[in-house]
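Reviewing the structure listed below.
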Amino acid sequence: MDFWKWFEKVQQGNWSQQRRLVALSIYNQANEEVARFELAGAWPASYKIADVNARSNDIEIEEIEVAFEEFKRVK
């Protein structure tokens with residue numbers, strides 16, 4: 001819910017006040033962190049959800065685009 005509330009604040013037109021430091025961690029199959037990135041001055045730019053057919057076996061795909069001012073690998 002924290003991410004969704006952050007996205008709503010940006011949609012209300014306050015994106016410049018909503019910039020955050022975001023950490024993105026990548027894990028392997030053994031649940032071990034193998035990489036971590038920091039996105040400074042980040043804000044959610046867009047959110048998309050694929051059309052879902054209830055009679056289909058397709059998976060639901062959500063796409064989140066995050067804009068940022070600085071990108072750094074820290075692990």
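Ordering of the structure tokens sets the chain letters (A, B, ...), residue numbers begin anew at 1 in every chain, and ligands are numbered from 1 in the order given.
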Going by DSSP on the backbone, which bits of chain A are alpha helix (DSSP H)? Write them as a PyMOL selection string, please.
-> chain A and resi 2-9
Strand (DSSP E) positions in chain A, given as a short mmCIF file (atom, residue, chain, number, x, y, z; two decimals) with N, CA and C atoms, in the first residue's frame:
data_model
loop_
_atom_site.label_atom_id
_atom_site.label_comp_id
_atom_site.auth_asym_id
_atom_site.auth_seq_id
_atom_site.Cartn_x
_atom_site.Cartn_y
_atom_site.Cartn_z
N ARG A 20 12.02 10.25 -3.98
CA ARG A 20 12.52 9.43 -2.88
C ARG A 20 13.80 8.71 -3.29
N LEU A 21 14.51 8.20 -2.28
CA LEU A 21 15.62 7.29 -2.51
C LEU A 21 15.04 5.89 -2.47
N VAL A 22 15.16 5.14 -3.56
CA VAL A 22 14.57 3.82 -3.69
C VAL A 22 15.67 2.79 -3.85
N ALA A 23 15.55 1.67 -3.14
CA ALA A 23 16.50 0.56 -3.30
C ALA A 23 15.79 -0.57 -4.03
N LEU A 24 16.46 -1.13 -5.02
CA LEU A 24 15.94 -2.25 -5.79
C LEU A 24 16.89 -3.42 -5.61
N SER A 25 16.40 -4.50 -5.03
CA SER A 25 17.23 -5.68 -4.78
C SER A 25 16.84 -6.81 -5.72
N ILE A 26 17.85 -7.55 -6.20
CA ILE A 26 17.65 -8.69 -7.08
C ILE A 26 18.08 -9.94 -6.32
N TYR A 27 17.20 -10.96 -6.30
CA TYR A 27 17.47 -12.20 -5.57
C TYR A 27 17.56 -13.38 -6.53
N GLU A 33 20.36 -12.26 -1.92
CA GLU A 33 20.49 -11.01 -2.66
C GLU A 33 21.78 -11.05 -3.48
N VAL A 34 21.66 -10.85 -4.78
CA VAL A 34 22.83 -10.90 -5.66
C VAL A 34 23.20 -9.53 -6.23
N ALA A 35 22.29 -8.57 -6.16
CA ALA A 35 22.57 -7.21 -6.63
C ALA A 35 21.60 -6.25 -5.96
N ARG A 36 22.08 -5.03 -5.74
CA ARG A 36 21.20 -3.99 -5.18
C ARG A 36 21.55 -2.67 -5.87
N PHE A 37 20.53 -1.92 -6.23
CA PHE A 37 20.69 -0.64 -6.90
C PHE A 37 19.98 0.43 -6.09
N GLU A 38 20.51 1.64 -6.12
CA GLU A 38 19.85 2.78 -5.50
C GLU A 38 19.43 3.75 -6.59
N LEU A 39 18.19 4.19 -6.53
CA LEU A 39 17.64 5.16 -7.46
C LEU A 39 17.36 6.43 -6.66
N ALA A 40 18.18 7.44 -6.84
CA ALA A 40 18.02 8.69 -6.08
C ALA A 40 17.07 9.62 -6.83
N GLY A 41 16.25 10.34 -6.08
CA GLY A 41 15.30 11.26 -6.68
C GLY A 41 14.26 10.56 -7.51
N ALA A 42 13.81 9.40 -7.06
CA ALA A 42 12.87 8.57 -7.85
C ALA A 42 11.42 8.91 -7.55
N TRP A 43 10.58 8.74 -8.59
CA TRP A 43 9.13 8.86 -8.44
C TRP A 43 8.46 7.95 -9.45
N PRO A 44 7.28 7.40 -9.12
CA PRO A 44 6.57 6.53 -10.07
C PRO A 44 6.03 7.36 -11.22
N ALA A 45 6.37 6.95 -12.44
CA ALA A 45 5.96 7.71 -13.62
C ALA A 45 4.72 7.14 -14.29
N SER A 46 4.56 5.81 -14.26
CA SER A 46 3.36 5.21 -14.86
C SER A 46 3.13 3.81 -14.30
N TYR A 47 1.90 3.37 -14.45
CA TYR A 47 1.48 2.03 -14.01
C TYR A 47 0.54 1.48 -15.06
N LYS A 48 0.80 0.25 -15.50
CA LYS A 48 -0.05 -0.40 -16.49
C LYS A 48 -0.37 -1.81 -16.03
N ILE A 49 -1.56 -2.26 -16.36
CA ILE A 49 -1.96 -3.63 -16.07
C ILE A 49 -2.54 -4.21 -17.36
N GLU A 62 1.71 -6.74 -14.56
CA GLU A 62 1.68 -5.35 -14.15
C GLU A 62 3.03 -4.73 -14.50
N GLU A 63 2.99 -3.49 -14.96
CA GLU A 63 4.21 -2.79 -15.33
C GLU A 63 4.26 -1.46 -14.58
N ILE A 64 5.38 -1.22 -13.89
CA ILE A 64 5.57 0.02 -13.16
C ILE A 64 6.81 0.71 -13.73
N GLU A 65 6.66 1.94 -14.15
CA GLU A 65 7.78 2.73 -14.63
C GLU A 65 8.16 3.74 -13.55
N VAL A 66 9.45 3.73 -13.17
CA VAL A 66 9.95 4.65 -12.15
C VAL A 66 10.99 5.55 -12.79
N ALA A 67 10.77 6.85 -12.72
CA ALA A 67 11.75 7.82 -13.20
C ALA A 67 12.69 8.14 -12.04
N GLU A 70 19.30 9.70 -10.38
CA GLU A 70 20.61 9.07 -10.27
C GLU A 70 20.45 7.58 -10.07
N PHE A 71 21.29 6.80 -10.74
CA PHE A 71 21.25 5.33 -10.68
C PHE A 71 22.63 4.84 -10.27
N LYS A 72 22.68 4.02 -9.18
CA LYS A 72 23.96 3.55 -8.68
C LYS A 72 23.83 2.10 -8.22
N ARG A 73 24.79 1.26 -8.63
CA ARG A 73 24.82 -0.12 -8.12
C ARG A 73 25.64 -0.12 -6.85
#
What gap, in Å, lies between CA of Lys5 in chain A and CA of Gln18 in chain A?
-> 10.7 Å
Would you list the contacts of Trp6 in chain A as a PyMOL selection string, taking every protein, DNA or RNA residue within 10 Å and counting only C-alpha atoms, but skipping same-chain residues closer than 2 positions in sequence?
-> chain A and resi 1-4+8-11+15+18-20+43-44
